[in-house]
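S.K.: Just one file: entry-v4.cif, with mmCIF, C-alpha atoms and all ligand atoms.
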data_entry
#
loop_
_atom_site.group_PDB
_atom_site.id
_atom_site.type_symbol
_atom_site.label_atom_id
_atom_site.label_comp_id
_atom_site.auth_asym_id
_atom_site.auth_seq_id
_atom_site.Cartn_x
_atom_site.Cartn_y
_atom_site.Cartn_z
ATOM 1 C CA MET A 9 0.199 -26.668 61.050
ATOM 2 C CA ARG A 10 -2.985 -27.437 62.940
ATOM 3 C CA LEU A 11 -3.842 -31.124 62.637
ATOM 4 C CA LEU A 12 -6.871 -33.208 63.495
ATOM 5 C CA LEU A 13 -5.864 -36.737 64.521
ATOM 6 C CA THR A 14 -8.699 -39.260 64.757
ATOM 7 C CA GLY A 15 -8.299 -42.303 66.977
ATOM 8 C CA ALA A 16 -5.997 -40.165 69.133
ATOM 9 C CA ALA A 17 -6.744 -42.186 72.276
ATOM 10 C CA GLY A 18 -6.011 -45.497 70.539
ATOM 11 C CA TYR A 19 -2.973 -47.760 70.611
ATOM 12 C CA THR A 20 -1.457 -46.280 67.455
ATOM 13 C CA GLY A 21 -2.935 -42.809 67.916
ATOM 14 C CA ARG A 22 -1.069 -42.062 71.133
ATOM 15 C CA GLY A 23 2.330 -42.787 69.534
ATOM 16 C CA VAL A 24 1.468 -40.922 66.352
ATOM 17 C CA ALA A 25 0.306 -37.951 68.442
ATOM 18 C CA ALA A 26 3.563 -37.886 70.415
ATOM 19 C CA THR A 27 5.581 -37.502 67.204
ATOM 20 C CA LEU A 28 3.203 -35.029 65.536
ATOM 21 C CA LYS A 29 3.120 -32.812 68.635
ATOM 22 C CA GLU A 30 6.859 -32.205 68.322
ATOM 23 C CA ARG A 31 6.173 -30.092 65.220
ATOM 24 C CA HIS A 32 2.474 -29.276 65.048
ATOM 25 C CA PHE A 33 -0.622 -28.413 67.062
ATOM 26 C CA VAL A 34 -2.630 -31.629 67.402
ATOM 27 C CA ARG A 35 -6.358 -31.784 68.054
ATOM 28 C CA GLY A 36 -7.499 -35.309 68.843
ATOM 29 C CA LEU A 37 -10.891 -36.792 68.091
ATOM 30 C CA ASP A 38 -11.941 -40.061 69.683
ATOM 31 C CA LEU A 39 -14.811 -41.627 71.580
ATOM 32 C CA ARG A 40 -12.541 -41.396 74.632
ATOM 33 C CA ASP A 41 -10.614 -38.403 75.931
ATOM 34 C CA ALA A 42 -7.126 -38.432 74.380
ATOM 35 C CA GLY A 43 -5.892 -36.398 77.374
ATOM 36 C CA GLU A 44 -2.226 -35.506 77.403
ATOM 37 C CA ASN A 45 -1.653 -37.291 74.087
ATOM 38 C CA VAL A 46 -2.804 -34.172 72.262
ATOM 39 C CA ASN A 47 -2.874 -30.377 72.565
ATOM 40 C CA GLU A 48 -6.666 -30.316 72.446
ATOM 41 C CA SER A 49 -9.044 -33.236 72.856
ATOM 42 C CA HIS A 50 -12.477 -33.540 71.255
ATOM 43 C CA THR A 51 -14.614 -36.489 72.278
ATOM 44 C CA GLY A 52 -17.336 -37.675 69.950
ATOM 45 C CA ASP A 53 -18.481 -40.229 67.432
ATOM 46 C CA ILE A 54 -17.224 -39.770 63.854
ATOM 47 C CA GLY A 55 -20.435 -41.449 62.739
ATOM 48 C CA ASP A 56 -22.057 -38.102 63.611
ATOM 49 C CA LEU A 57 -21.455 -35.566 60.840
ATOM 50 C CA ASP A 58 -21.884 -32.606 63.200
ATOM 51 C CA VAL A 59 -19.086 -33.953 65.424
ATOM 52 C CA CYS A 60 -16.836 -34.115 62.346
ATOM 53 C CA ARG A 61 -17.839 -30.615 61.238
ATOM 54 C CA LYS A 62 -16.825 -29.196 64.615
ATOM 55 C CA ALA A 63 -13.600 -31.199 64.752
ATOM 56 C CA VAL A 64 -12.242 -30.061 61.366
ATOM 57 C CA GLN A 65 -12.905 -26.359 61.999
ATOM 58 C CA GLY A 66 -9.664 -24.397 61.703
ATOM 59 C CA VAL A 67 -7.376 -27.341 60.902
ATOM 60 C CA ASP A 68 -4.981 -27.579 57.952
ATOM 61 C CA ALA A 69 -5.051 -31.366 57.610
ATOM 62 C CA VAL A 70 -6.762 -34.480 58.963
ATOM 63 C CA VAL A 71 -4.867 -37.633 59.941
ATOM 64 C CA HIS A 72 -7.245 -40.622 59.872
ATOM 65 C CA CYS A 73 -6.184 -43.136 62.537
ATOM 66 C CA HIS A 74 -9.539 -44.436 63.802
ATOM 67 C CA MET A 75 -10.881 -47.952 63.532
ATOM 68 C CA ALA A 76 -13.838 -49.905 64.884
ATOM 69 C CA PRO A 77 -12.873 -52.053 67.880
ATOM 70 C CA ASN A 78 -11.430 -55.439 67.043
ATOM 71 C CA PRO A 79 -12.787 -58.125 67.353
ATOM 72 C CA ASP A 80 -16.259 -57.026 68.530
ATOM 73 C CA GLY A 81 -16.734 -54.371 65.851
ATOM 74 C CA TYR A 82 -16.256 -56.907 63.055
ATOM 75 C CA LYS A 83 -18.806 -59.565 64.022
ATOM 76 C CA THR A 84 -21.375 -57.900 61.744
ATOM 77 C CA PRO A 85 -20.954 -55.058 59.211
ATOM 78 C CA VAL A 86 -22.817 -52.531 61.385
ATOM 79 C CA VAL A 87 -20.077 -51.007 63.552
ATOM 80 C CA ALA A 88 -17.232 -51.777 61.125
ATOM 81 C CA VAL A 89 -18.897 -49.872 58.297
ATOM 82 C CA ASP A 90 -20.263 -47.118 60.559
ATOM 83 C CA VAL A 91 -16.850 -46.261 61.990
ATOM 84 C CA ASN A 92 -14.391 -47.114 59.229
ATOM 85 C CA VAL A 93 -16.411 -46.140 56.171
ATOM 86 C CA LYS A 94 -19.197 -43.755 57.207
ATOM 87 C CA GLY A 95 -16.929 -42.061 59.754
ATOM 88 C CA THR A 96 -14.197 -41.569 57.148
ATOM 89 C CA ALA A 97 -16.678 -40.233 54.589
ATOM 90 C CA ASN A 98 -18.155 -37.866 57.210
ATOM 91 C CA LEU A 99 -14.704 -36.449 57.904
ATOM 92 C CA TYR A 100 -14.008 -35.902 54.187
ATOM 93 C CA HIS A 101 -17.427 -34.287 53.755
ATOM 94 C CA ALA A 102 -16.732 -31.970 56.685
ATOM 95 C CA CYS A 103 -13.368 -31.119 55.074
ATOM 96 C CA VAL A 104 -15.140 -30.062 51.863
ATOM 97 C CA GLU A 105 -17.456 -27.798 53.853
ATOM 98 C CA HIS A 106 -14.570 -26.259 55.813
ATOM 99 C CA ASN A 107 -12.087 -26.043 52.926
ATOM 100 C CA VAL A 108 -9.560 -28.482 54.429
ATOM 101 C CA LYS A 109 -7.584 -29.803 51.470
ATOM 102 C CA ARG A 110 -5.088 -32.231 52.997
ATOM 103 C CA ALA A 111 -5.383 -35.655 54.616
ATOM 104 C CA VAL A 112 -3.235 -38.602 55.628
ATOM 105 C CA LEU A 113 -4.950 -41.977 55.827
ATOM 106 C CA ILE A 114 -3.532 -44.789 57.934
ATOM 107 C CA SER A 115 -4.535 -47.762 55.839
ATOM 108 C CA SER A 116 -3.051 -51.261 55.952
ATOM 109 C CA CYS A 117 -0.760 -53.259 53.705
ATOM 110 C CA GLY A 118 -3.352 -56.036 54.092
ATOM 111 C CA VAL A 119 -5.640 -54.282 51.587
ATOM 112 C CA LEU A 120 -3.350 -55.361 48.764
ATOM 113 C CA ARG A 121 -2.614 -58.594 46.987
ATOM 114 C CA ASP A 122 1.046 -59.532 47.085
ATOM 115 C CA GLU A 123 1.752 -58.390 43.531
ATOM 116 C CA PRO A 124 3.918 -55.783 41.800
ATOM 117 C CA ASN A 125 2.666 -52.184 41.624
ATOM 118 C CA ALA A 126 1.661 -52.217 45.283
ATOM 119 C CA ASN A 127 2.279 -48.473 45.587
ATOM 120 C CA ALA A 128 -0.434 -47.701 43.055
ATOM 121 C CA VAL A 129 -2.713 -44.852 44.069
ATOM 122 C CA PRO A 130 -5.586 -45.665 46.421
ATOM 123 C CA GLY A 131 -8.452 -47.008 44.372
ATOM 124 C CA ASP A 132 -6.224 -48.818 41.870
ATOM 125 C CA GLY A 133 -5.296 -51.749 44.115
ATOM 126 C CA PRO A 134 -4.281 -54.476 43.362
ATOM 127 C CA TYR A 135 -6.823 -55.110 46.125
ATOM 128 C CA ASN A 136 -7.169 -58.313 48.092
ATOM 129 C CA PHE A 137 -10.881 -59.047 47.830
ATOM 130 C CA LYS A 138 -10.503 -62.418 49.577
ATOM 131 C CA THR A 139 -10.614 -60.663 52.915
ATOM 132 C CA GLU A 140 -12.633 -60.242 56.085
ATOM 133 C CA LEU A 141 -14.806 -57.263 57.062
ATOM 134 C CA TYR A 142 -11.834 -55.320 58.431
ATOM 135 C CA GLY A 143 -9.963 -55.540 55.116
ATOM 136 C CA LEU A 144 -13.111 -54.661 53.199
ATOM 137 C CA THR A 145 -13.649 -51.494 55.227
ATOM 138 C CA LYS A 146 -9.976 -50.494 54.837
ATOM 139 C CA MET A 147 -10.311 -50.872 51.027
ATOM 140 C CA MET A 148 -13.493 -48.800 51.175
ATOM 141 C CA GLN A 149 -11.642 -46.064 53.106
ATOM 142 C CA GLU A 150 -9.139 -45.874 50.251
ATOM 143 C CA LEU A 151 -12.006 -45.570 47.751
ATOM 144 C CA VAL A 152 -13.526 -42.750 49.815
ATOM 145 C CA ALA A 153 -10.146 -40.966 49.755
ATOM 146 C CA ARG A 154 -9.869 -41.494 45.983
ATOM 147 C CA THR A 155 -13.333 -40.092 45.351
ATOM 148 C CA TYR A 156 -12.796 -36.981 47.477
ATOM 149 C CA PHE A 157 -9.546 -36.412 45.585
ATOM 150 C CA GLU A 158 -11.041 -36.814 42.099
ATOM 151 C CA LYS A 159 -14.190 -34.815 42.741
ATOM 152 C CA GLN A 160 -13.252 -32.363 45.495
ATOM 153 C CA GLY A 161 -9.466 -32.026 45.198
ATOM 154 C CA ILE A 162 -8.667 -33.191 48.755
ATOM 155 C CA VAL A 163 -5.149 -34.616 48.605
ATOM 156 C CA THR A 164 -4.629 -37.794 50.646
ATOM 157 C CA THR A 165 -1.351 -39.530 51.361
ATOM 158 C CA THR A 166 -2.080 -43.135 52.240
ATOM 159 C CA LEU A 167 0.324 -44.949 54.547
ATOM 160 C CA ARG A 168 0.097 -48.735 54.618
ATOM 161 C CA PRO A 169 1.701 -50.263 57.727
ATOM 162 C CA ALA A 170 1.499 -53.943 58.649
ATOM 163 C CA TRP A 171 1.932 -54.850 62.297
ATOM 164 C CA ILE A 172 1.973 -51.995 64.792
ATOM 165 C CA VAL A 173 3.834 -52.570 68.073
ATOM 166 C CA TYR A 174 5.860 -50.346 70.440
ATOM 167 C CA ASP A 175 9.589 -51.049 70.240
ATOM 168 C CA ASN A 176 10.147 -50.339 73.966
ATOM 169 C CA ASP A 177 7.817 -52.974 75.451
ATOM 170 C CA PHE A 178 6.961 -55.258 72.487
ATOM 171 C CA THR A 179 3.415 -55.642 73.805
ATOM 172 C CA SER A 180 0.763 -55.724 71.091
ATOM 173 C CA LYS A 181 -2.503 -53.846 71.372
ATOM 174 C CA TYR A 182 -4.141 -57.128 72.367
ATOM 175 C CA GLY A 183 -1.821 -57.381 75.367
ATOM 176 C CA TRP A 184 0.493 -60.199 74.370
ATOM 177 C CA LYS A 185 4.248 -59.811 74.285
ATOM 178 C CA LEU A 186 6.391 -60.536 71.229
ATOM 179 C CA ASP A 187 9.793 -62.163 71.468
ATOM 180 C CA THR A 188 10.555 -62.651 67.762
ATOM 181 C CA TYR A 189 11.379 -60.036 65.146
ATOM 182 C CA TYR A 190 9.249 -59.605 62.030
ATOM 183 C CA ALA A 191 10.159 -57.226 59.212
ATOM 184 C CA SER A 192 6.511 -56.135 59.075
ATOM 185 C CA LEU A 193 6.730 -54.560 62.554
ATOM 186 C CA ILE A 194 6.429 -50.816 62.894
ATOM 187 C CA ASP A 195 6.376 -48.553 65.946
ATOM 188 C CA PRO A 196 3.522 -45.983 66.139
ATOM 189 C CA ARG A 197 6.069 -43.188 66.644
ATOM 190 C CA ASP A 198 7.582 -44.119 63.284
ATOM 191 C CA ILE A 199 4.122 -43.917 61.742
ATOM 192 C CA GLY A 200 3.989 -40.395 63.176
ATOM 193 C CA ALA A 201 7.337 -39.689 61.503
ATOM 194 C CA ALA A 202 5.936 -40.971 58.193
ATOM 195 C CA VAL A 203 2.919 -38.660 58.636
ATOM 196 C CA LEU A 204 5.311 -35.707 59.120
ATOM 197 C CA LYS A 205 7.143 -36.688 55.916
ATOM 198 C CA ALA A 206 3.812 -37.003 54.094
ATOM 199 C CA LEU A 207 2.779 -33.510 55.180
ATOM 200 C CA ASP A 208 6.122 -32.182 53.873
ATOM 201 C CA LEU A 209 5.873 -33.840 50.423
ATOM 202 C CA PRO A 210 6.551 -31.399 47.605
ATOM 203 C CA SER A 211 3.602 -31.184 45.156
ATOM 204 C CA PRO A 212 1.648 -33.963 46.876
ATOM 205 C CA GLY A 213 -0.848 -35.927 44.824
ATOM 206 C CA LEU A 214 -2.938 -38.958 45.652
ATOM 207 C CA GLU A 215 -0.155 -41.331 46.702
ATOM 208 C CA SER A 216 0.388 -44.386 48.853
ATOM 209 C CA PHE A 217 3.398 -45.782 50.645
ATOM 210 C CA GLN A 218 4.023 -49.118 52.326
ATOM 211 C CA ILE A 219 5.848 -48.570 55.610
ATOM 212 C CA ALA A 220 7.799 -51.331 57.361
ATOM 213 C CA GLN A 221 11.324 -52.339 58.328
ATOM 214 C CA ASP A 222 14.004 -52.055 55.623
ATOM 215 C CA ASP A 223 14.226 -55.841 55.214
ATOM 216 C CA ALA A 224 10.491 -56.294 54.618
ATOM 217 C CA THR A 225 9.511 -57.808 51.277
ATOM 218 C CA TYR A 226 6.973 -55.040 50.568
ATOM 219 C CA ASP A 227 7.903 -52.678 47.741
ATOM 220 C CA GLN A 228 9.252 -49.635 49.635
ATOM 221 C CA LYS A 229 11.099 -47.914 46.758
ATOM 222 C CA ALA A 230 8.739 -44.921 46.787
ATOM 223 C CA THR A 231 8.758 -44.907 50.590
ATOM 224 C CA HIS A 232 12.528 -44.521 50.653
ATOM 225 C CA GLU A 233 12.971 -42.280 47.605
ATOM 226 C CA ARG A 234 9.870 -40.091 47.430
ATOM 227 C CA LEU A 235 8.649 -40.054 51.054
ATOM 228 C CA GLY A 236 12.209 -40.147 52.407
ATOM 229 C CA TRP A 237 11.155 -42.289 55.369
ATOM 230 C CA ARG A 238 12.968 -45.151 57.062
ATOM 231 C CA PRO A 239 12.193 -46.570 60.513
ATOM 232 C CA LYS A 240 14.055 -45.253 63.570
ATOM 233 C CA PHE A 241 12.622 -48.026 65.757
ATOM 234 C CA THR A 242 14.144 -51.250 64.451
ATOM 235 C CA PHE A 243 13.164 -53.803 67.134
ATOM 236 C CA ASP A 244 16.778 -54.823 67.815
ATOM 237 C CA GLY A 245 15.724 -56.246 71.198
ATOM 238 C CA LEU A 246 13.741 -59.051 69.570
ATOM 239 C CA LYS A 247 15.162 -62.430 68.558
ATOM 240 C CA LYS A 248 15.892 -62.670 64.846
ATOM 241 C CA PRO A 249 14.849 -65.968 63.300
ATOM 242 C CA LYS A 250 17.861 -68.025 62.192
ATOM 243 C CA PRO A 251 18.439 -67.954 58.406
ATOM 244 C CA PRO A 252 17.457 -71.235 56.715
ATOM 245 C CA THR A 253 20.372 -73.662 56.371
ATOM 246 C CA THR A 254 21.308 -74.963 52.954
ATOM 247 C CA PRO A 255 20.512 -78.674 52.689
ATOM 248 C CA GLY A 256 23.742 -80.684 52.851
ATOM 249 C CA ALA A 257 25.823 -77.668 53.898
HETATM 250 N N1 LIG A 301 -2.921 -52.405 65.047
HETATM 251 C C1 LIG A 301 -2.326 -52.793 63.917
HETATM 252 O O1 LIG A 301 -1.458 -53.689 63.921
HETATM 253 C C2 LIG A 301 -2.672 -52.090 62.602
HETATM 254 C C3 LIG A 301 -2.076 -52.546 61.424
HETATM 255 C C4 LIG A 301 -2.309 -51.867 60.222
HETATM 256 C C5 LIG A 301 -3.125 -50.730 60.218
HETATM 257 N N2 LIG A 301 -3.707 -50.305 61.381
HETATM 258 C C6 LIG A 301 -4.532 -49.083 61.337
HETATM 259 O O2 LIG A 301 -4.056 -48.173 62.328
HETATM 260 C C7 LIG A 301 -5.131 -47.345 62.784
HETATM 261 C C8 LIG A 301 -5.175 -47.372 64.300
HETATM 262 O O3 LIG A 301 -5.425 -48.691 64.732
HETATM 263 P P1 LIG A 301 -5.188 -49.187 66.215
HETATM 264 O O4 LIG A 301 -4.751 -50.594 66.122
HETATM 265 O O5 LIG A 301 -4.358 -48.200 66.942
HETATM 266 O O6 LIG A 301 -6.679 -49.195 66.761
HETATM 267 P P2 LIG A 301 -7.264 -48.857 68.218
HETATM 268 O O7 LIG A 301 -8.522 -49.661 68.322
HETATM 269 O O8 LIG A 301 -6.261 -49.008 69.289
HETATM 270 O O9 LIG A 301 -7.598 -47.307 68.089
HETATM 271 C C9 LIG A 301 -8.688 -46.852 67.333
HETATM 272 C C10 LIG A 301 -9.293 -45.646 68.033
HETATM 273 O O10 LIG A 301 -10.442 -45.244 67.258
HETATM 274 C C11 LIG A 301 -11.446 -44.827 68.210
HETATM 275 N N3 LIG A 301 -12.787 -44.940 67.647
HETATM 276 C C12 LIG A 301 -13.498 -46.081 67.436
HETATM 277 N N4 LIG A 301 -14.720 -45.789 67.008
HETATM 278 C C13 LIG A 301 -14.816 -44.429 66.967
HETATM 279 C C14 LIG A 301 -15.862 -43.524 66.620
HETATM 280 N N5 LIG A 301 -17.085 -43.954 66.239
HETATM 281 N N6 LIG A 301 -15.602 -42.193 66.683
HETATM 282 C C15 LIG A 301 -14.382 -41.746 67.112
HETATM 283 N N7 LIG A 301 -13.354 -42.553 67.432
HETATM 284 C C16 LIG A 301 -13.577 -43.886 67.371
HETATM 285 C C17 LIG A 301 -11.302 -45.798 69.367
HETATM 286 O O11 LIG A 301 -11.877 -45.292 70.556
HETATM 287 C C18 LIG A 301 -9.787 -45.977 69.459
HETATM 288 O O12 LIG A 301 -9.206 -45.107 70.416
HETATM 289 C C19 LIG A 301 -6.392 -47.903 62.112
HETATM 290 O O13 LIG A 301 -6.690 -47.136 60.968
HETATM 291 C C20 LIG A 301 -5.996 -49.306 61.700
HETATM 292 O O14 LIG A 301 -6.740 -49.784 60.607
HETATM 293 C C21 LIG A 301 -3.513 -50.968 62.576
#
Please, can you express the file's structure as structure tokens?
M.R.:
Amino acid sequence: MRLLLTGAAGYTGRGVAATLKERHFVRGLDLRDAGENVNESHTGDIGDLDVCRKAVQGVDAVVHCHMAPNPDGYKTPVVAVDVNVKGTANLYHACVEHNVKRAVLISSCGVLRDEPNANAVPGDGPYNFKTELYGLTKMMQELVARTYFEKQGIVTTTLRPAWIVYDNDFTSKYGWKLDTYYASLIDPRDIGAAVLKALDLPSPGLESFQIAQDDATYDQKATHERLGWRPKFTFDGLKKPKPPTTPGA
């Protein structure tokens, strides 16, 4: 397949690109040159519809992995909404014009309230409205995906990771190093593997999957059974918190 990966020069994008490139041709789109991360690099602003039109030409699917810079992009709604919402809508609009029918959206498990039915299709929630601008724009991305599915038939698989960190160096995108294991951790290369699984889904519809370590408390039944994904990077080099001791034991 020929894929467009947005945010290809970003922290997550470079790991996702590395995995996708093993099987597919990857065109990156980012404000910065994605260089060797991808087979072909487009630089441009997804807030510009013409940039999106050019970027989707000749691709079979779009993988949305862009986000406004954190924290500066979330001090007011301007950049957050321009990049995360308008940019996403521009890409879907360009897909309609160029007959691209498939997308994968990297969302976030933070869009949801911690309630059953968390794998409901994008647009059904249960959404966490007590959130900051980032969470609001991620919910809005899911609504954009839902609308372009209902009205235009573009099929989106939504992946909802939690905390993205590389398993080899444990250094977060903000530059600090982890020493403790969390079940919500996920390596970008494993997100790439989940994207590959999403693109291989038989009879794909509008679906969402939470992706995390096997011992995470998120509902991952559909992730394991329908998507067929489990993490390869399991952060074994990090300290596991001791289990709580039973009082009096
Ligand atoms: N980092 C996490 O822990 C985490 C957790 C859950 C979900 N996510 C999601 O993963 C995805 C990637 O996040 P990340 O943490 O790697 O972010 P990042 O900031 O490292 O990468 C985002 C990329 O988007 C690009 N970008 C920003 N504005 C743009 C514009 N106007 N046009 C084109 N490109 C633009 C940036 O240049 C950057 O390279 C996002 O969708 C984010 O919501 C991240």
S.K.: Please compute the CA of Leu167 in chain A-atom C4 of ligand LIG 301 (chain A) distance, one decimal, in Å.
M.R.: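 Between these atoms lies a distance of 9.3 Å.
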S.K.: Step by step, gather every atom of ligand LIG 301 (chain A) that the file lists, find the box along x, y and z that holds them, add 6 Å on each side, and finally give centre and edge lengths in Å to one decimal, as JSON.
M.R.:
{"center_x": -9.3, "center_y": -47.7, "center_z": 65.4, "size_x": 27.6, "size_y": 23.9, "size_z": 22.3}
S.K.: Apply the PyMOL selection byres (((chain A and resi 211) around 12) and not hetatm) to the file shown and report the selected residues as a ChimeraX atom specification.
M.R.: /A:110,163-165,206-210,212-215,234-235
S.K.: Those residues you just picked out, can you put them in a file as a PDB file, keeping the file's coordinate frame with C-alpha atoms?
M.R.:
ATOM      1  CA  ARG A 110      -5.088 -32.231  52.997  1.00  0.00           C
ATOM      2  CA  VAL A 163      -5.149 -34.616  48.605  1.00  0.00           C
ATOM      3  CA  THR A 164      -4.629 -37.794  50.646  1.00  0.00           C
ATOM      4  CA  THR A 165      -1.351 -39.530  51.361  1.00  0.00           C
ATOM      5  CA  ALA A 206       3.812 -37.003  54.094  1.00  0.00           C
ATOM      6  CA  LEU A 207       2.779 -33.510  55.180  1.00  0.00           C
ATOM      7  CA  ASP A 208       6.122 -32.182  53.873  1.00  0.00           C
ATOM      8  CA  LEU A 209       5.873 -33.840  50.423  1.00  0.00           C
ATOM      9  CA  PRO A 210       6.551 -31.399  47.605  1.00  0.00           C
ATOM     10  CA  PRO A 212       1.648 -33.963  46.876  1.00  0.00           C
ATOM     11  CA  GLY A 213      -0.848 -35.927  44.824  1.00  0.00           C
ATOM     12  CA  LEU A 214      -2.938 -38.958  45.652  1.00  0.00           C
ATOM     13  CA  GLU A 215      -0.155 -41.331  46.702  1.00  0.00           C
ATOM     14  CA  ARG A 234       9.870 -40.091  47.430  1.00  0.00           C
ATOM     15  CA  LEU A 235       8.649 -40.054  51.054  1.00  0.00           C
TER      16      LEU A 235
END
S.K.: Go through the shown structure with the PyMOL selection byres (((chain A and resi 152-155) around 8) and not hetatm) and write out the matching residues as a ChimeraX atom specification.
M.R.: /A:93,96-97,100,130-131,148-151,156-160,162,164,214
S.K.: Taking only C-alpha atoms and all ligand atoms into account, which residues have an atom no farther than 8 Å from ligand LIG 301 (chain A)? I'd like them as JSON, numbers by chain.
M.R.: {"A": [14, 15, 16, 17, 18, 19, 20, 21, 37, 38, 39, 40, 51, 52, 53, 54, 55, 72, 73, 74, 75, 76, 77, 78, 90, 91, 92, 95, 113, 114, 115, 116, 117, 118, 142, 146, 168, 169, 170, 171, 172, 173, 180, 181]}
S.K.: Under the PyMOL selection byres (((chain A and resi 11) around 12) and not hetatm), which residues of this model are included? Write them out as a ChimeraX atom specification.
M.R.: /A:9-10,12-14,16,24-25,28-29,31-37,46-49,63-72,108-112,203-204,207
S.K.: For a test of reading the model, state the distance in Å between CA of Glu123 in chain A and CA of Phe241 in chain A, rounded to one decimal.
M.R.: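 Atom-to-atom, CA of Glu123 in chain A and CA of Phe241 in chain A are spaced 26.8 Å apart.
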S.K.: How many Å lie between CA of Val59 in chain A and CA of Ile199 in chain A, rounded to one decimal?
M.R.: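 It comes out at 25.5 Å.
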S.K.: Under the rule that all atoms listed in the file are counted, which of A:Ala191, A:Leu120, A:Met147, A:Leu99 is the nearest residue to Thr225 in chain A?
M.R.: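 Closest candidate: A:Ala191.
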S.K.: Env of Phe178 in chain A: 9 Å cut, atoms = all atoms listed in the file, seq-sep filter 3 positions within chain, self excluded. Answer as a tab-separated table (two decimals) with C-alpha atoms, in the coordinates of the input.
M.R.:
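Contents of the output file selection.tsv:
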chain	number	residue	atom	x	y	z
A	173	VAL	CA	3.83	-52.57	68.07
A	174	TYR	CA	5.86	-50.35	70.44
A	175	ASP	CA	9.59	-51.05	70.24
A	184	TRP	CA	0.49	-60.20	74.37
A	185	LYS	CA	4.25	-59.81	74.28
A	186	LEU	CA	6.39	-60.54	71.23
A	187	ASP	CA	9.79	-62.16	71.47
A	243	PHE	CA	13.16	-53.80	67.13
A	245	GLY	CA	15.72	-56.25	71.20
A	246	LEU	CA	13.74	-59.05	69.57
S.K.: Looking at A:Gly43, A:Pro239, A:Leu144, A:Leu57, which one is nearest to Gly200 in chain A, with distances taken over only C-alpha atoms?
M.R.: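 Smallest distance to Gly200 in chain A is found for A:Pro239.
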